[in-house]
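Student: Data file target33.cif (mmCIF, C-alpha atoms) is appended below.
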```cif
data_my_file
#
loop_
_atom_site.label_atom_id
_atom_site.label_comp_id
_atom_site.auth_asym_id
_atom_site.auth_seq_id
_atom_site.Cartn_x
_atom_site.Cartn_y
_atom_site.Cartn_z
CA MET A 1 97.17 88.89 76.60
CA TYR A 2 97.20 91.88 78.94
CA ALA A 3 99.67 92.90 81.63
CA ILE A 4 96.93 94.96 83.32
CA GLU A 5 93.19 94.58 82.82
CA THR A 6 90.38 96.11 84.86
CA TYR A 7 86.66 96.27 84.26
CA LYS A 8 84.42 98.61 86.25
CA LEU A 9 87.11 99.15 88.91
CA THR A 10 85.80 101.18 91.84
CA LYS A 11 87.58 101.98 95.11
CA ILE A 12 85.69 103.54 98.01
CA TYR A 13 87.57 104.23 101.25
CA LYS A 14 86.06 103.67 104.72
CA ASN A 15 85.19 107.37 105.02
CA ASN A 16 83.05 107.05 101.82
CA ILE A 17 85.58 108.89 99.65
CA ILE A 18 85.41 107.54 96.09
CA ALA A 19 89.01 107.35 94.87
CA VAL A 20 88.35 105.53 91.59
CA ASP A 21 84.97 105.10 89.93
CA ASN A 22 84.08 102.66 87.13
CA VAL A 23 87.49 102.48 85.41
CA ASN A 24 88.05 100.15 82.46
CA LEU A 25 91.69 99.69 81.44
CA LYS A 26 93.60 97.22 79.24
CA VAL A 27 97.39 97.40 78.84
CA PRO A 28 98.87 94.77 76.51
CA LYS A 29 102.02 92.89 77.56
CA GLY A 30 105.22 94.48 76.26
CA VAL A 31 103.73 97.98 75.96
CA ILE A 32 105.25 100.99 77.74
CA PHE A 33 102.42 102.51 79.76
CA GLY A 34 102.08 105.82 81.59
CA LEU A 35 99.24 107.08 83.75
CA PHE A 36 99.16 110.83 84.26
CA GLY A 37 97.05 112.99 86.55
CA HIS A 38 97.00 115.53 89.35
CA ASN A 39 98.06 114.70 92.91
CA GLY A 40 95.32 112.69 94.58
CA ALA A 41 93.64 111.76 91.29
CA GLY A 42 93.75 108.00 92.01
CA LYS A 43 96.69 106.90 89.82
CA THR A 44 98.31 104.65 92.40
CA THR A 45 94.96 103.33 93.59
CA THR A 46 94.04 102.41 90.02
CA ILE A 47 97.23 100.43 89.46
CA THR A 48 97.39 98.74 92.88
CA GLY A 49 93.64 98.13 93.18
#
```
Is it possible to give me this structure as structure tokens?

Tutor:
Amino acid sequence: MYAIETYKLTKIYKNNIIAVDNVNLKVPKGVIFGLFGHNGAGKTTTITG
């Protein structure tokens, strides 16, 4: 069982900016998870969808 699971997650804003493109991610329940990246890289968008 996964706490977070995405398959081909893509987020495109109204101004056609691609924030996240084709992300697959599985985080099992009970695992400590960190997502690292530069400012504006799409970390929050990836987690909140």

Student: What are the centre and the three edge lengths of an axis-aligned box that wraps all atoms of stretch 15-25 of chain A in the file, given that 6 Å is added to every side, written as AutoDock Vina command-line options and rounded to one decimal in Å?

Tutor:
```
--center_x 87.4 --center_y 104.3 --center_z 93.2 --size_x 20.6 --size_y 21.2 --size_z 35.6
```

Student: Nearest residue to A:Val23 out of A:Thr48, A:Tyr7, A:Gly42, A:Leu35, using all atoms listed in the file?

Tutor: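 So, comparing all the options, the nearest one is A:Tyr7.
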
Student: What is the atom CA of A:Thr45 to atom CA of A:Ile17 distance in Å?

Tutor: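 Interatomic distance here is 12.5 Å.
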
Student: Pick the closest to A:Asn22 from A:Phe36, A:Ile47, A:Ala41, A:Thr10: which is it, counting all atoms listed in the file?

Tutor: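 Distance minimum relative to A:Asn22 lands on A:Thr10.
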
Student: Interatomic distance between atom CA of A:Asn16 and atom CA of A:Ala3?

Tutor: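 For atom CA of A:Asn16 relative to atom CA of A:Ala3, the distance reads 29.7 Å.
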
Student: As a check of understanding, name the residues that the PyMOL selection byres ((chain A and resi 27) around 9) selects in the supplied structure, as an mmCIF file with C-alpha atoms, in the frame of the given file.

Tutor:
```cif
data_model
loop_
_atom_site.group_PDB
_atom_site.id
_atom_site.type_symbol
_atom_site.label_atom_id
_atom_site.label_comp_id
_atom_site.auth_asym_id
_atom_site.auth_seq_id
_atom_site.Cartn_x
_atom_site.Cartn_y
_atom_site.Cartn_z
ATOM 1 C CA MET A 1 97.170 88.890 76.600
ATOM 2 C CA TYR A 2 97.200 91.880 78.940
ATOM 3 C CA ALA A 3 99.670 92.900 81.630
ATOM 4 C CA ILE A 4 96.930 94.960 83.320
ATOM 5 C CA GLU A 5 93.190 94.580 82.820
ATOM 6 C CA LEU A 25 91.690 99.690 81.440
ATOM 7 C CA LYS A 26 93.600 97.220 79.240
ATOM 8 C CA PRO A 28 98.870 94.770 76.510
ATOM 9 C CA LYS A 29 102.020 92.890 77.560
ATOM 10 C CA GLY A 30 105.220 94.480 76.260
ATOM 11 C CA VAL A 31 103.730 97.980 75.960
ATOM 12 C CA ILE A 32 105.250 100.990 77.740
ATOM 13 C CA PHE A 33 102.420 102.510 79.760
#
```

Student: When you draw a straight line from atom CA of A:Thr6 to atom CA of A:Asn24, how long is it in Å?

Tutor: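 Calculated distance between atom CA of A:Thr6 and atom CA of A:Asn24 is 5.2 Å.
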
Student: Which residues are near A:Lys43? Cut-off 10 Å, all atoms listed in the file, ignore same chain within fewer than 6 positions. Put them as a PDB file with C-alpha atoms, in the frame of the given file.

Tutor:
```pdb
ATOM      1  CA  ALA A  19      89.010 107.350  94.870  1.00  0.00           C
ATOM      2  CA  VAL A  20      88.350 105.530  91.590  1.00  0.00           C
ATOM      3  CA  GLY A  34     102.080 105.820  81.590  1.00  0.00           C
ATOM      4  CA  LEU A  35      99.240 107.080  83.750  1.00  0.00           C
ATOM      5  CA  PHE A  36      99.160 110.830  84.260  1.00  0.00           C
ATOM      6  CA  GLY A  37      97.050 112.990  86.550  1.00  0.00           C
ATOM      7  CA  GLY A  49      93.640  98.130  93.180  1.00  0.00           C
TER       8      GLY A  49
END
```
